[in-house]
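Novice: Just so it is clear, I am handing over model_35.cif, which has mmCIF, C-alpha atoms.
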data_my_file
loop_
_atom_site.label_atom_id
_atom_site.label_comp_id
_atom_site.auth_asym_id
_atom_site.auth_seq_id
_atom_site.Cartn_x
_atom_site.Cartn_y
_atom_site.Cartn_z
CA MET C 1 0.13 -35.52 -18.89
CA LYS C 2 -0.20 -37.80 -15.88
CA SER C 3 -0.55 -35.93 -12.57
CA SER C 4 1.68 -36.81 -9.61
CA THR C 5 0.32 -39.04 -6.87
CA SER C 6 -0.40 -37.17 -3.61
CA VAL C 7 1.07 -38.44 -0.35
CA TYR C 8 -2.45 -38.13 1.09
CA ASP C 9 -3.68 -40.72 -1.41
CA VAL C 10 -0.90 -43.12 -0.41
CA PHE C 11 -0.77 -42.88 3.38
CA THR C 12 -4.37 -42.59 4.59
CA PRO C 13 -4.67 -42.91 8.39
CA THR C 14 -8.30 -41.75 8.55
CA THR C 15 -9.76 -43.10 5.29
CA PRO C 16 -9.75 -46.54 3.63
CA ALA C 17 -6.54 -47.19 1.68
CA LYS C 18 -6.83 -47.58 -2.09
CA VAL C 19 -3.51 -47.17 -3.86
CA SER C 20 -1.57 -48.66 -0.93
CA PHE C 21 -4.03 -51.50 -0.25
CA ILE C 22 -2.40 -54.88 0.33
CA GLU C 23 -4.13 -58.24 0.16
CA ARG C 24 -4.57 -60.28 3.34
CA ASP C 25 -5.12 -63.70 1.85
CA GLU C 26 -6.79 -65.62 4.68
CA VAL C 27 -9.32 -62.98 5.71
CA ASN C 28 -9.79 -61.90 2.06
CA GLU C 29 -10.92 -65.40 1.11
CA LYS C 30 -13.48 -65.58 3.93
CA LEU C 31 -14.85 -62.14 3.12
CA VAL C 32 -15.11 -62.72 -0.64
CA ASP C 33 -16.78 -66.12 -0.17
CA ALA C 34 -19.38 -64.56 2.14
CA LEU C 35 -20.02 -61.65 -0.25
CA ARG C 36 -20.53 -64.02 -3.17
CA THR C 37 -22.87 -66.42 -1.34
CA PRO C 38 -26.54 -65.42 -1.86
CA GLY C 39 -28.44 -64.85 1.38
CA THR C 40 -25.36 -64.74 3.62
CA GLN C 41 -25.31 -61.70 5.91
CA LEU C 42 -22.01 -60.41 7.31
CA VAL C 43 -20.61 -59.14 10.59
CA VAL C 44 -17.09 -57.71 10.17
CA TYR C 45 -15.33 -56.98 13.45
CA GLY C 46 -11.91 -56.21 14.95
CA TYR C 47 -9.90 -53.43 16.58
CA SER C 48 -10.46 -49.85 15.53
CA GLY C 49 -7.74 -49.08 12.97
CA SER C 50 -7.13 -52.75 12.08
CA GLY C 51 -8.15 -52.26 8.45
CA LYS C 52 -11.78 -53.45 8.45
CA SER C 53 -13.12 -50.64 6.29
CA THR C 54 -10.13 -50.72 3.92
CA LEU C 55 -10.52 -54.45 3.34
CA LEU C 56 -14.29 -54.24 2.93
CA ARG C 57 -14.23 -51.24 0.57
CA ASN C 58 -11.68 -52.80 -1.74
CA LYS C 59 -13.56 -56.11 -1.94
CA LEU C 60 -16.92 -54.41 -2.47
CA ARG C 61 -15.39 -52.36 -5.27
CA GLN C 62 -14.43 -55.60 -6.99
CA LEU C 63 -17.78 -57.37 -6.52
CA TYR C 64 -20.54 -54.75 -6.42
CA GLU C 65 -21.72 -52.00 -8.76
CA HIS C 66 -22.87 -49.89 -5.83
CA GLU C 67 -23.22 -49.99 -2.05
CA VAL C 68 -25.13 -47.95 0.50
CA THR C 69 -23.05 -47.00 3.56
CA THR C 70 -24.70 -45.76 6.74
CA ARG C 71 -22.52 -44.48 9.59
CA CYS C 72 -23.81 -45.16 13.10
CA THR C 73 -23.44 -43.16 16.30
CA SER C 74 -24.53 -43.73 19.88
CA ALA C 75 -27.55 -41.51 19.18
CA SER C 76 -28.65 -43.45 16.07
CA SER C 77 -31.96 -45.27 16.10
CA PHE C 78 -32.61 -48.09 13.66
CA ASP C 79 -35.43 -46.08 12.09
CA GLN C 80 -32.94 -43.29 11.36
CA LEU C 81 -30.57 -45.79 9.77
CA MET C 82 -33.38 -47.05 7.53
CA LEU C 83 -34.24 -43.49 6.49
CA SER C 84 -30.58 -42.71 5.75
CA ALA C 85 -30.30 -45.83 3.59
CA PHE C 86 -33.43 -44.87 1.68
CA ASP C 87 -32.11 -41.34 1.07
CA ASP C 88 -28.97 -42.79 -0.52
CA LEU C 89 -30.99 -45.23 -2.60
CA ASP C 90 -33.40 -42.52 -3.70
CA GLY C 91 -30.50 -40.42 -4.98
CA TYR C 92 -29.13 -43.44 -6.80
CA TYR C 93 -32.45 -44.16 -8.53
CA ILE C 94 -32.89 -40.52 -9.56
CA SER C 95 -29.40 -40.59 -11.11
CA GLU C 96 -30.14 -43.85 -12.93
CA LEU C 97 -33.40 -42.54 -14.37
CA GLN C 98 -31.74 -39.32 -15.56
CA GLU C 99 -28.82 -41.06 -17.22
CA LYS C 100 -30.78 -43.79 -19.04
CA ASN C 101 -33.56 -43.40 -21.58
CA THR C 102 -34.82 -46.87 -20.72
CA SER C 103 -34.42 -48.08 -17.19
CA SER C 104 -34.21 -51.61 -15.86
CA ILE C 105 -35.87 -50.51 -12.62
CA SER C 106 -39.16 -52.35 -12.20
CA ALA C 107 -42.48 -50.53 -12.07
CA SER C 108 -43.17 -51.84 -8.56
CA ALA C 109 -39.86 -50.45 -7.30
CA LYS C 110 -40.65 -47.06 -8.85
CA ASN C 111 -44.07 -47.10 -7.20
CA THR C 112 -42.57 -48.01 -3.82
CA ILE C 113 -40.06 -45.17 -4.03
CA ALA C 114 -42.74 -42.69 -5.07
CA SER C 115 -44.99 -43.79 -2.21
CA ILE C 116 -42.23 -43.39 0.38
CA ARG C 117 -41.25 -39.99 -1.04
CA THR C 118 -44.85 -38.81 -0.77
CA GLU C 119 -45.16 -40.00 2.83
CA LEU C 120 -41.85 -38.35 3.80
CA SER C 121 -42.97 -35.07 2.23
CA ALA C 122 -46.27 -35.23 4.11
CA THR C 123 -44.53 -35.70 7.47
CA ALA C 124 -41.64 -33.30 6.83
CA SER C 125 -43.25 -30.59 8.93
CA PHE C 126 -43.84 -32.85 11.92
CA SER C 127 -42.34 -31.32 15.05
CA SER C 128 -41.75 -33.21 18.24
CA GLU C 129 -43.27 -31.69 21.36
CA ASN C 130 -40.00 -32.30 23.21
CA LEU C 131 -37.64 -31.06 20.51
CA ALA C 132 -37.28 -27.76 18.72
CA LYS C 133 -35.97 -29.41 15.58
CA LYS C 134 -38.09 -31.27 13.06
CA THR C 135 -38.18 -35.04 13.30
CA ARG C 136 -38.60 -37.43 10.39
CA ILE C 137 -40.92 -40.36 10.94
CA LEU C 138 -40.33 -43.75 9.30
CA PRO C 139 -43.12 -44.14 6.70
CA PRO C 140 -45.13 -47.38 6.99
CA GLN C 141 -44.09 -48.21 3.41
CA LEU C 142 -40.40 -48.20 4.34
CA THR C 143 -40.24 -51.75 5.65
CA ALA C 144 -37.20 -54.03 5.77
CA GLN C 145 -38.73 -56.02 2.91
CA ASN C 146 -39.16 -52.96 0.71
CA LEU C 147 -35.65 -51.70 1.55
CA ALA C 148 -34.21 -55.11 0.58
CA LYS C 149 -36.20 -55.06 -2.66
CA LEU C 150 -34.99 -51.57 -3.58
CA MET C 151 -31.39 -52.54 -2.84
CA GLY C 152 -31.81 -55.70 -4.87
CA GLU C 153 -33.09 -53.69 -7.85
CA ALA C 154 -30.02 -51.43 -7.51
CA ASN C 155 -27.69 -54.47 -7.23
CA CYS C 156 -26.18 -53.14 -4.04
CA CYS C 157 -25.62 -54.08 -0.40
CA TRP C 158 -26.11 -52.17 2.84
CA VAL C 159 -23.00 -51.42 4.94
CA LEU C 160 -23.53 -50.29 8.54
CA GLU C 161 -20.28 -48.76 9.83
CA ASP C 162 -19.65 -48.73 13.61
CA PHE C 163 -22.89 -50.57 14.30
CA HIS C 164 -21.59 -51.52 17.78
CA LYS C 165 -22.07 -47.90 18.86
CA ILE C 166 -25.86 -47.86 18.80
CA GLU C 167 -27.99 -48.85 21.80
CA GLU C 168 -28.42 -52.59 22.36
CA SER C 169 -32.22 -52.32 22.11
CA GLU C 170 -31.80 -50.84 18.63
CA ARG C 171 -29.23 -53.49 17.64
CA THR C 172 -31.78 -56.27 18.03
CA LYS C 173 -33.78 -54.76 15.16
CA LEU C 174 -30.93 -55.46 12.75
CA SER C 175 -31.22 -59.18 13.42
CA GLN C 176 -34.82 -59.10 12.22
CA THR C 177 -33.83 -57.07 9.16
CA MET C 178 -31.04 -59.53 8.31
CA LYS C 179 -33.62 -62.34 8.36
CA VAL C 180 -35.73 -60.43 5.83
CA PHE C 181 -32.71 -59.78 3.60
CA MET C 182 -31.88 -63.51 3.73
CA ASP C 183 -35.38 -64.42 2.56
CA MET C 184 -35.14 -61.94 -0.34
CA ALA C 185 -32.02 -63.67 -1.72
CA ASP C 186 -34.11 -65.96 -3.93
CA ASP C 187 -35.16 -62.93 -5.96
CA TYR C 188 -32.08 -60.75 -5.47
CA LYS C 189 -28.85 -62.75 -5.25
CA THR C 190 -26.60 -59.87 -4.17
CA VAL C 191 -28.73 -58.18 -1.52
CA LYS C 192 -27.26 -58.36 1.98
CA VAL C 193 -26.46 -56.43 5.14
CA ILE C 194 -22.87 -55.95 6.33
CA ALA C 195 -22.53 -54.77 9.94
CA VAL C 196 -19.07 -53.45 10.87
CA GLY C 197 -17.92 -53.02 14.48
CA ALA C 198 -14.72 -52.30 16.44
CA VAL C 199 -15.13 -55.02 19.07
CA ASP C 200 -13.81 -58.41 20.21
CA SER C 201 -16.65 -60.58 18.91
CA ALA C 202 -19.41 -60.60 16.31
CA ARG C 203 -22.05 -60.93 19.04
CA GLN C 204 -21.01 -57.55 20.42
CA VAL C 205 -22.03 -56.07 17.07
CA VAL C 206 -25.26 -57.95 16.38
CA GLN C 207 -27.40 -60.21 18.59
CA TYR C 208 -29.09 -62.75 16.33
CA ASP C 209 -31.22 -65.86 16.70
CA PRO C 210 -29.54 -69.30 16.86
CA GLU C 211 -31.46 -70.36 13.72
CA MET C 212 -29.57 -67.67 11.77
CA ARG C 213 -26.15 -68.96 12.81
CA THR C 214 -25.41 -70.73 9.53
CA ARG C 215 -26.54 -67.73 7.48
CA ILE C 216 -24.32 -65.16 9.23
CA ALA C 217 -20.64 -64.94 8.27
CA GLU C 218 -18.56 -63.64 11.19
CA ILE C 219 -15.43 -62.09 9.65
CA HIS C 220 -12.71 -61.22 12.14
CA VAL C 221 -10.10 -58.76 10.86
CA PRO C 222 -7.05 -59.37 13.06
CA LEU C 223 -4.19 -57.06 13.86
CA MET C 224 -1.59 -57.04 11.09
CA GLU C 225 1.63 -58.97 11.32
CA PRO C 226 4.88 -56.94 11.06
CA HIS C 227 5.55 -58.19 7.52
CA GLU C 228 2.09 -56.99 6.43
CA LEU C 229 2.72 -53.52 7.84
CA GLN C 230 6.11 -53.50 6.10
CA SER C 231 4.34 -54.34 2.84
CA ILE C 232 2.18 -51.22 3.24
CA ILE C 233 5.30 -49.10 3.80
CA ASN C 234 7.19 -50.65 0.88
CA LEU C 235 4.26 -50.24 -1.52
CA GLY C 236 3.59 -46.65 -0.44
CA THR C 237 7.20 -45.53 -0.70
CA LYS C 238 7.52 -47.22 -4.11
CA ILE C 239 4.51 -45.25 -5.39
CA LEU C 240 5.97 -41.99 -4.08
CA LYS C 241 9.43 -42.94 -5.42
CA ILE C 242 11.10 -42.53 -2.05
CA ALA C 243 13.05 -45.09 -0.01
CA PHE C 244 12.82 -45.85 3.72
CA SER C 245 15.84 -47.69 5.08
CA PRO C 246 15.14 -51.29 6.25
CA SER C 247 15.75 -50.14 9.82
CA LEU C 248 13.18 -47.33 9.54
CA THR C 249 10.64 -49.68 7.98
CA ASN C 250 11.14 -52.27 10.72
CA LYS C 251 10.81 -49.74 13.53
CA ILE C 252 7.64 -48.20 12.11
CA SER C 253 6.08 -51.66 11.85
CA HIS C 254 7.10 -52.33 15.46
CA TYR C 255 5.58 -49.17 16.92
CA ALA C 256 2.42 -49.49 14.83
CA ASN C 257 1.69 -52.51 17.05
CA GLY C 258 -0.45 -54.33 14.50
CA LEU C 259 -2.55 -51.33 13.46
CA PRO C 260 -2.32 -50.17 9.83
CA ALA C 261 -3.89 -46.83 10.83
CA ILE C 262 -0.89 -46.06 13.07
CA CYS C 263 1.50 -47.27 10.37
CA HIS C 264 -0.09 -44.87 7.85
CA THR C 265 0.07 -42.01 10.35
CA ILE C 266 3.77 -42.41 11.15
CA CYS C 267 4.66 -42.77 7.45
CA LEU C 268 2.65 -39.64 6.64
CA ASN C 269 4.46 -37.74 9.42
CA VAL C 270 7.85 -38.83 8.03
CA CYS C 271 6.88 -37.55 4.58
CA GLN C 272 5.48 -34.25 5.87
CA GLN C 273 8.53 -33.43 7.98
CA ASN C 274 10.68 -33.90 4.86
CA GLY C 275 8.44 -31.76 2.65
CA ILE C 276 7.23 -34.74 0.58
CA TYR C 277 3.63 -34.10 -0.46
CA GLU C 278 3.54 -35.93 -3.76
CA GLU C 279 5.48 -38.36 -5.92
CA VAL C 280 9.04 -37.07 -6.31
CA ASN C 281 11.17 -36.84 -9.43
CA THR C 282 14.47 -37.74 -7.78
CA LEU C 283 14.78 -40.61 -5.32
CA VAL C 284 14.82 -39.50 -1.67
CA ASN C 285 16.44 -41.85 0.87
CA LEU C 286 15.22 -41.63 4.47
CA THR C 287 16.85 -43.30 7.47
CA ASP C 288 15.67 -44.30 10.94
CA ALA C 289 16.72 -40.85 12.20
CA GLU C 290 13.31 -39.76 10.85
CA LEU C 291 11.40 -41.97 13.27
CA GLU C 292 11.85 -39.96 16.45
CA PRO C 293 10.15 -36.70 15.35
CA ALA C 294 7.45 -38.60 13.42
CA LEU C 295 6.55 -40.76 16.39
CA GLU C 296 6.73 -37.85 18.83
CA LYS C 297 4.23 -35.94 16.69
CA TYR C 298 1.91 -38.94 16.62
CA LEU C 299 2.08 -39.48 20.38
CA SER C 300 1.58 -35.78 21.10
CA ASN C 301 -1.54 -35.70 18.93
CA SER C 302 -2.91 -38.62 20.98
CA SER C 303 -1.94 -37.17 24.35
CA ASP C 304 -5.40 -36.25 25.67
CA THR C 305 -6.85 -39.71 25.07
CA LEU C 306 -3.78 -41.41 26.52
CA LYS C 307 -3.68 -39.20 29.58
CA MET C 308 -7.35 -39.84 30.34
CA ALA C 309 -6.96 -43.62 29.96
CA PHE C 310 -3.80 -43.99 32.02
CA GLU C 311 -4.83 -41.58 34.78
CA ALA C 312 -8.16 -43.36 35.25
CA SER C 313 -6.53 -46.79 35.46
CA LEU C 314 -3.28 -46.13 37.34
CA LYS C 315 -4.66 -43.87 40.05
CA GLN C 316 -4.84 -45.68 43.42
CA VAL C 317 -7.38 -44.45 45.94
CA ARG C 318 -5.81 -46.41 48.79
CA LYS C 319 -2.15 -47.38 49.09
CA GLY C 320 -1.48 -51.06 49.71
CA LYS C 321 1.28 -53.61 49.54
CA TYR C 322 1.00 -53.82 45.75
CA ASP C 323 0.43 -51.27 43.02
CA HIS C 324 -2.06 -53.60 41.29
CA PRO C 325 -2.76 -51.51 38.16
CA LYS C 326 0.90 -50.92 37.39
CA LEU C 327 1.87 -54.57 37.96
CA ILE C 328 -0.91 -55.89 35.71
CA ILE C 329 -0.41 -53.31 32.96
CA HIS C 330 3.35 -53.93 32.84
CA ALA C 331 2.87 -57.70 32.68
CA LEU C 332 0.19 -57.59 29.99
CA ALA C 333 2.28 -55.20 27.87
CA GLN C 334 5.13 -57.72 27.75
CA LEU C 335 2.88 -60.53 26.49
CA SER C 336 1.27 -61.06 23.07
CA GLN C 337 -0.46 -58.08 21.44
CA ASP C 338 -3.48 -60.37 20.96
CA GLY C 339 -3.86 -60.69 24.73
CA ALA C 340 -3.10 -63.21 27.48
CA THR C 341 -4.96 -65.39 29.96
CA LYS C 342 -5.10 -64.80 33.71
CA ASP C 343 -2.51 -67.52 34.33
CA GLU C 344 -0.10 -66.09 31.75
CA ILE C 345 -0.32 -62.60 33.24
CA LEU C 346 0.03 -63.91 36.77
CA ARG C 347 3.17 -65.90 35.88
CA LYS C 348 4.70 -62.75 34.41
CA ILE C 349 3.88 -60.76 37.57
CA ASN C 350 5.29 -63.49 39.82
CA LYS C 351 8.70 -63.07 38.22
CA VAL C 352 8.98 -59.70 39.97
CA GLU C 353 6.50 -60.27 42.81
CA PRO C 354 6.60 -63.99 43.78
CA THR C 355 3.97 -63.59 46.53
CA TYR C 356 1.36 -61.92 44.30
CA THR C 357 -1.72 -64.16 44.41
CA SER C 358 -4.54 -65.09 42.05
CA ARG C 359 -6.98 -63.36 44.40
CA SER C 360 -5.01 -60.11 44.25
CA PHE C 361 -4.94 -60.32 40.47
CA SER C 362 -8.70 -60.87 40.21
CA GLY C 363 -9.45 -57.76 42.24
CA GLY C 364 -6.94 -55.64 40.33
CA ILE C 365 -7.96 -56.73 36.83
CA GLU C 366 -11.65 -56.18 37.55
CA LYS C 367 -10.99 -52.54 38.41
CA LEU C 368 -8.92 -52.05 35.25
CA CYS C 369 -11.67 -53.51 33.07
CA LYS C 370 -14.30 -51.31 34.71
CA ALA C 371 -12.30 -48.10 35.05
CA GLN C 372 -14.46 -45.03 34.66
CA ARG C 373 -14.48 -43.01 31.41
CA THR C 374 -11.70 -44.81 29.54
CA PRO C 375 -10.79 -48.36 30.65
CA LEU C 376 -7.43 -49.70 29.47
CA ILE C 377 -8.16 -53.42 29.42
CA ARG C 378 -11.01 -55.70 28.38
CA LEU C 379 -11.80 -59.40 28.66
CA ASP C 380 -12.72 -61.46 25.61
CA GLU C 381 -15.33 -63.85 27.01
CA ASN C 382 -14.81 -66.29 24.13
CA SER C 383 -11.04 -66.78 24.49
CA GLY C 384 -10.68 -65.88 28.18
CA LYS C 385 -7.89 -63.46 27.25
CA TYR C 386 -7.30 -59.97 28.58
CA SER C 387 -5.98 -57.38 26.16
CA PHE C 388 -5.56 -53.63 25.84
CA ILE C 389 -8.69 -51.98 24.44
CA ASP C 390 -6.47 -50.07 22.01
CA PRO C 391 -3.07 -51.47 20.94
CA LEU C 392 -1.78 -47.90 21.26
CA TYR C 393 -2.17 -48.32 25.03
CA ARG C 394 0.13 -51.34 24.89
CA SER C 395 2.80 -49.25 23.16
CA PHE C 396 2.62 -46.70 25.96
CA ALA C 397 2.59 -49.35 28.66
CA LEU C 398 5.80 -50.76 27.22
CA ALA C 399 7.36 -47.32 27.56
CA LEU C 400 6.65 -47.05 31.29
CA ASN C 401 9.57 -47.76 33.61
CA SER C 402 8.88 -51.26 34.93
CA ASP C 403 12.05 -51.63 37.02
CA GLU C 404 10.31 -50.54 40.23
CA PRO C 405 6.77 -51.91 40.10
CA LYS C 406 5.97 -51.02 43.73
CA THR C 407 6.62 -47.32 43.24
CA SER C 408 3.52 -45.14 43.05
CA PHE C 409 3.07 -43.63 39.62
CA ASP C 410 1.67 -40.19 38.87
CA VAL C 411 0.92 -40.11 35.16
CA ASN C 412 2.56 -37.31 33.22
CA ILE C 413 1.84 -37.62 29.52
CA GLN C 414 4.98 -35.76 28.49
CA THR C 415 7.05 -38.17 30.58
CA LEU C 416 5.39 -41.07 28.78
CA ILE C 417 6.25 -39.55 25.42
CA GLU C 418 9.83 -38.92 26.51
CA ASN C 419 10.11 -42.55 27.69
CA VAL C 420 8.91 -43.81 24.31
CA ILE C 421 11.41 -41.58 22.51
CA PHE C 422 14.19 -42.72 24.88
CA LYS C 423 13.46 -46.36 24.03
CA ILE C 424 13.60 -45.52 20.32
CA ARG C 425 17.06 -44.08 20.83
CA GLU C 426 18.11 -47.22 22.69
CA LEU C 427 17.15 -49.29 19.64
CA GLN C 428 19.19 -47.18 17.24
#
Could you spell out this file's structure in structure tokens?

Specialist:
Amino acid sequence: MKSSTSVYDVFTPTTPAKVSFIERDEVNEKLVDALRTPGTQLVVYGYSGSGKSTLLRNKLRQLYEHEVTTRCTSASSFDQLMLSAFDDLDGYYISELQEKNTSSISASAKNTIASIRTELSATASFSSENLAKKTRILPPQLTAQNLAKLMGEANCCWVLEDFHKIEESERTKLSQTMKVFMDMADDYKTVKVIAVGAVDSARQVVQYDPEMRTRIAEIHVPLMEPHELQSIINLGTKILKIAFSPSLTNKISHYANGLPAICHTICLNVCQQNGIYEEVNTLVNLTDAELEPALEKYLSNSSDTLKMAFEASLKQVRKGKYDHPKLIIHALAQLSQDGATKDEILRKINKVEPTYTSRSFSGGIEKLCKAQRTPLIRLDENSGKYSFIDPLYRSFALALNSDEPKTSFDVNIQTLIENVIFKIRELQ
């Protein structure tokens, strides 16, 4: 008897989507071409929550037997990443040898693995003078060339998630490793490194030499269009055998602001508040009346991050003629979710403040981009566009009362949430 599909398998805000995965033709084609081309290394980048990992996982599942995924943090060193990759490969090889009477793994690969294991065992008791915990040292045998060879033997690739988080000095080491993986492609067609980062440009993820430019595929995963988000909702509700009204679907896609992660979260909240935890037997119809509590729950769960970001950016140390942060944030929120140039933002501000100058804007935007702890806005050096660091911030900025831009604004997160909910009611 077939088991019912869980709602947590359908709407997956914190894990890559599988059953509710939708194809994104243009970016899919670029990604698949790069994965299939021997020697090509990849940098996959875009907003956090834009669907990078979902897209990559689904394409790798179609093209690779196996992949090694290493998750990076700000404390990660490249040596630690190499060790983590080897640990995953070692487990894979042990499994292969146990399951097969005759193995296709070459004798040299087996010898390399055995040598690295021995060295790791010998240094396992090493203790740093500065640390109480034991520290693993990268064995001399665990070179980029040997790692590429072992991955080639396993017919897998190396995925580095959130590579933008590690220190810049450590990031430069990946460029050298990518060069080695490129050179190994003659012997191992599928071996490659895929660096994934939540940033504006590929160069913020990996700094690489100009000579490698034609061998690196820079795959930008953009924010989703409303119709793509609606496709996620329609596919997910079809699987669960429930029905969202067209109005509810449209409003969820609007407030998701291009991010599939937010879309999944709101849909999951709608299901939970109606007691839907798996595929139903009788069709359940849900209307846009469900949006308000689902969105309020989502915004409340994000309140600490939002409060920190808005308080840091909107607080004025000295009062002046203009409330620069509020003017700029309001103007940017009303422009494209992909961002806007200085001139576009300034024209929007001048509609309410005709005497606001380019010089005033430059001083105000610089402070917003460099706000302590959690800046709201960043500049894409390539396009010259300013945008919200997180599209969620744009949603909140839209909810702020922009009728009186000169009024000082003391951020109250509950007020922000209430303003968002009020605007939802206006739309209904």

Novice: Could you work out how far CA of Leu392 (chain C) lies from CA of Ala198 (chain C), giving the answer in Å with one decimal?

Specialist: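 Taking CA of Ala198 (chain C) and CA of Leu392 (chain C), their separation equals 14.5 Å.
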
Novice: I'd like the neighbourhood of Leu268 (chain C) as a PyMOL selection string, where a residue qualifies if any of its atoms comes within 12 Å (using only C-alpha atoms), though same-chain residues fewer than 6 positions away should be ignored.

Specialist: chain C and resi 6-14+233+236-237+240+252+261-262+274-278+290-291+293-295+297-298

Novice: So how many Å separate CA of Ser336 (chain C) and CA of Ser253 (chain C), to one decimal?

Specialist: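 Pair CA of Ser336 (chain C) / CA of Ser253 (chain C) returns 15.4 Å.
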
Novice: Applied to this file, what does the PyMOL selection byres ((chain C and resi 141) around 10) return in terms of residues, put as a PyMOL selection string?

Specialist: chain C and resi 112-113+115-117+119+138-140+142-147

Novice: With distances taken over all atoms listed in the file, which residue among C:Leu376, C:Thr37, C:Glu279, C:Pro210 lies nearest Lys326 (chain C)?

Specialist: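 For Lys326 (chain C), the nearest of the candidates is C:Leu376.
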
Novice: Rounded to one decimal, what separation in Å do you get between CA of Ala340 (chain C) and CA of Tyr386 (chain C)?

Specialist: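 So the two atoms, CA of Ala340 (chain C) and CA of Tyr386 (chain C), lie 5.4 Å apart.
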
Novice: Would you pick out the contacts of Met151 (chain C) at 9 Å or less, using all atoms listed in the file, so that residues sharing its chain but fewer than 3 positions from it are not included, and give the list as a VMD selection string?

Specialist: chain C and resid 67 to 68 89 146 to 148 154 to 158 188 190 to 192

Novice: So, with all atoms listed in the file as the atoms that count, which of C:Ile219, C:Gly91, C:Glu311, C:Arg171 lies closest to Val32 (chain C)?

Specialist: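 The answer is C:Ile219, which sits nearest to Val32 (chain C).
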
Novice: Tell me which of C:Ser20, C:Asn269, C:Ser106, C:Ser313 sits closest to Asn58 (chain C), counting only C-alpha atoms.

Specialist: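 Nearest candidate to Asn58 (chain C) out of C:Ser20, C:Asn269, C:Ser106, C:Ser313: C:Ser20.
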
Novice: Here's a test: counting all atoms listed in the file, identify every protein, DNA and RNA residue with an atom at most 12 Å from (-26.1, -40.5, 18.1) in the file's coordinate frame, and state them as an MDAnalysis selection string.

Specialist: chainID C and resid 71:78 80:81 162:167 170

Novice: Under the rule that all atoms listed in the file are counted, which of C:Lys385, C:His254, C:Lys307, C:Arg203 is the nearest residue to Leu229 (chain C)?

Specialist: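 The shortest atom-to-atom distance to Leu229 (chain C) comes from C:His254.
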
Novice: If we count all atoms listed in the file, what is near Lys351 (chain C) at a cut-off of 10 Å, once residues fewer than 5 positions away on the same chain are taken out, given as a VMD selection string?

Specialist: chain C and resid 331 346 356

Novice: Apply the PyMOL selection byres ((chain C and resi 325) around 7) to the structure shown and report the selected residues as a VMD selection string.

Specialist: chain C and resid 313 to 314 323 to 324 326 to 329 364 368

Novice: Choose the residue, out of C:Asn234, C:Asn250, C:Thr341, C:Thr265, that has the smallest atom-to-atom separation from Glu296 (chain C); count all atoms listed in the file.

Specialist: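 Closest to Glu296 (chain C) of all the choices is C:Thr265.
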
Novice: Around all of region 337-356 of chain C's listed atoms, make the axis-aligned box with 4 Å on each side and tell me centre and edge lengths in Å to one decimal, as JSON.

Specialist:
{"center_x": 1.9, "center_y": -62.8, "center_z": 33.7, "size_x": 22.1, "size_y": 17.4, "size_z": 33.6}

Novice: Excluding Met182 (chain C) and any residue of its chain fewer than 3 positions from it, enumerate the residues within 9 Å of it, using only C-alpha atoms, and give them as a tab-separated table (two decimals) with C-alpha atoms, keeping the file's coordinate frame.

Specialist:
chain	number	residue	atom	x	y	z
C	38	PRO	CA	-26.54	-65.42	-1.86
C	39	GLY	CA	-28.44	-64.85	1.38
C	40	THR	CA	-25.36	-64.74	3.62
C	41	GLN	CA	-25.31	-61.70	5.91
C	177	THR	CA	-33.83	-57.07	9.16
C	178	MET	CA	-31.04	-59.53	8.31
C	179	LYS	CA	-33.62	-62.34	8.36
C	185	ALA	CA	-32.02	-63.67	-1.72
C	186	ASP	CA	-34.11	-65.96	-3.93
C	191	VAL	CA	-28.73	-58.18	-1.52
C	192	LYS	CA	-27.26	-58.36	1.98
C	215	ARG	CA	-26.54	-67.73	7.48
